[in-house]
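A.B. asks: Below you'll find the structure I mean.
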Amino acid sequence: MNIVQNKTFDEERALYDSKDILIKDCLFDGPADGESAFKECSDVQVEHCFFNLRYPFWHDHGLEIVDSEMTELCRAALWYSDHIEISNSRLHGIKALRECREVKMKDCDIVSPEFGWSVRGIKMENCTAKSEYFMMRSDNLHFQNVDMQGKYSFQYIENAVFENCRFDTKDAFWHAKNIVVRNSVVKGEYLAWYSENVTFENCRIIGTQPLCYCRGLRLVNCEMTDTDLAFERSEVEADITTPVISIKNPLSGHITVPAVGEVIRDIAEAKGKISVKGQGGNKQKTYSSACA
């Protein structure tokens, strides 16, 4: 393995087509302002490096990044690359990850609008993220203990599992398919509209007008806070453990809830059943049709 240590690079394609290389304690910065430092490389290890220039990792195969920093000026840092591991690093440039495959991230801090578009296979653990359009059109995701803030996250994603996560994000999971969210908190307006086969297990859902126009929606032992006009035109099976402000026009399925402020049925298609159980389960009222 070729080892490069304690150097500064600012030229264009500084390490182009490198193979089986270890880069330690290096800076990618300087007046030449060169782009694409590691383009078309393979089997690259990066340790404790600083990246302040654009497009460093494009078309790379086999990449490990540890204890490193990518600044706001390090735009579009990883594109068209595969078999990537990133740990204990900061990714703070816009569009930091796109069109990549087989990615593992652990203990990272992400501040990157449009992060993670069209990624095929990503595992993320113990990370924080601030982003807009986070992970759009990606598939095969597995997130554990991830804190995310932003807007329009997880849109058009498919085949994903999220566990012990905290998401503060508007318009999340729109058009998402085949998703499981477990033991997590999801806060934000207009959650998961137009989604298909999405399941929330032991979750807390916060915010207005969630879960509308859904197909194959399931909620298992979930809390709902500050939720009104929920489930509009959705096909839903839901076991909710907290009162809901209002439920509007569920198309089919069965919703069980301890209390609901208002049930709105103003279209003939709204045939979903709503069962309201009082405290301790002693009283129950069922709304089963638009005429109820």
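Identifiers for the structure tokens are assigned positionally: chains receive A, B, ... in sequence, residues are indexed from 1 per chain, and ligands are indexed from 1 in the order shown.
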Quick one: which range 46-81 of chain A residues come within 12 Å of range 115-125 of chain A, and what is the nearest atom pair for each with the distance in Å to one decimal, counting only C-alpha atoms, rows ordered by chain and ascending number, as a tab-separated table?

C.D. replies:
residue	atom	partner	partner_atom	distance
A:Arg75	CA	A:Phe115	CA	10.8
A:Ala76	CA	A:Phe115	CA	8.9
A:Ala77	CA	A:Phe115	CA	10.2
A:Leu78	CA	A:Gly116	CA	9.4
A:Trp79	CA	A:Val119	CA	9.5
A:Tyr80	CA	A:Val119	CA	9.2
A:Ser81	CA	A:Val119	CA	9.8

A.B. asks: Print the selection's residues with N, CA, C and O atoms to a file, as an mmCIF file, in the first residue's frame.

C.D. replies:
data_model
loop_
_atom_site.group_PDB
_atom_site.id
_atom_site.type_symbol
_atom_site.label_atom_id
_atom_site.label_comp_id
_atom_site.auth_asym_id
_atom_site.auth_seq_id
_atom_site.Cartn_x
_atom_site.Cartn_y
_atom_site.Cartn_z
ATOM 1 N N ARG A 75 -18.134 20.739 -2.087
ATOM 2 C CA ARG A 75 -19.433 20.451 -2.689
ATOM 3 C C ARG A 75 -19.430 19.080 -3.370
ATOM 4 O O ARG A 75 -18.415 18.642 -3.902
ATOM 5 N N ALA A 76 -20.604 18.438 -3.348
ATOM 6 C CA ALA A 76 -20.791 17.189 -4.094
ATOM 7 C C ALA A 76 -19.620 16.224 -3.865
ATOM 8 O O ALA A 76 -18.958 15.782 -4.792
ATOM 9 N N ALA A 77 -19.387 15.896 -2.618
ATOM 10 C CA ALA A 77 -18.153 15.204 -2.243
ATOM 11 C C ALA A 77 -18.067 13.771 -2.755
ATOM 12 O O ALA A 77 -17.003 13.324 -3.194
ATOM 13 N N LEU A 78 -19.168 13.016 -2.690
ATOM 14 C CA LEU A 78 -19.136 11.614 -3.100
ATOM 15 C C LEU A 78 -20.251 11.359 -4.106
ATOM 16 O O LEU A 78 -21.442 11.389 -3.760
ATOM 17 N N TRP A 79 -19.870 11.088 -5.354
ATOM 18 C CA TRP A 79 -20.839 10.774 -6.404
ATOM 19 C C TRP A 79 -20.349 9.555 -7.186
ATOM 20 O O TRP A 79 -19.150 9.367 -7.397
ATOM 21 N N TYR A 80 -21.297 8.745 -7.624
ATOM 22 C CA TYR A 80 -21.009 7.617 -8.521
ATOM 23 C C TYR A 80 -19.952 6.669 -7.959
ATOM 24 O O TYR A 80 -19.143 6.117 -8.704
ATOM 25 N N SER A 81 -19.960 6.476 -6.645
ATOM 26 C CA SER A 81 -18.967 5.613 -6.010
ATOM 27 C C SER A 81 -19.660 4.470 -5.287
ATOM 28 O O SER A 81 -20.870 4.505 -5.033
#

A.B. asks: Tell me, as a VMD selection string, which residues lie within 6 Å of Asp139 in chain A, counting only C-alpha atoms; anything in the same chain fewer than 6 positions away does not count.

C.D. replies: chain A and resid 120 157 to 159

A.B. asks: Which neighbours of range 192-209 of chain A fall inside 7 Å, counting only C-alpha atoms, when residues of the same chain fewer than 2 positions from it are skipped, and could you give them as a ChimeraX atom specification?

C.D. replies: /A:171-190,211-230

A.B. asks: Using only C-alpha atoms, find the one residue out of A:Tyr156, A:Phe9, A:Phe50, A:Phe28 that sits nearest to Phe134 in chain A.

C.D. replies: A:Tyr156

A.B. asks: Give me every strand (DSSP E or B) residue in range 62-115 of chain A, going by DSSP on the backbone, as a PyMOL selection string.

C.D. replies: chain A and resi 62-66+69-70+78-79+82-87+90-91+97-98+101-106+109-111

A.B. asks: Nearest residue to Arg101 in chain A out of A:Asn140, A:Asn88, A:Gln155, A:Asn145, using only C-alpha atoms?

C.D. replies: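 Closest to Arg101 in chain A, using only C-alpha atoms: A:Asn140.
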
A.B. asks: Mind pulling up the distance from CA of Ile86 in chain A to CA of Lys19 in chain A?

C.D. replies: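 These two atoms are separated by 18.3 Å.
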
A.B. asks: Find the residues near Ala32 in chain A: any atom within 10 Å, counting only C-alpha atoms, skip ones fewer than 4 places away on the same chain, and give them as a count of residues only.

C.D. replies: 5

A.B. asks: Give me the residues near Gly261 in chain A as a count of residues only, where near means some atom within 8 Å (using only C-alpha atoms) and where sequence neighbours in that chain fewer than 4 positions away do not count.

C.D. replies: 4

A.B. asks: Which one is closest to Ser138 in chain A: A:Cys108, A:Gly150, A:Cys100, A:Asp266? Count only C-alpha atoms.

C.D. replies: A:Cys100
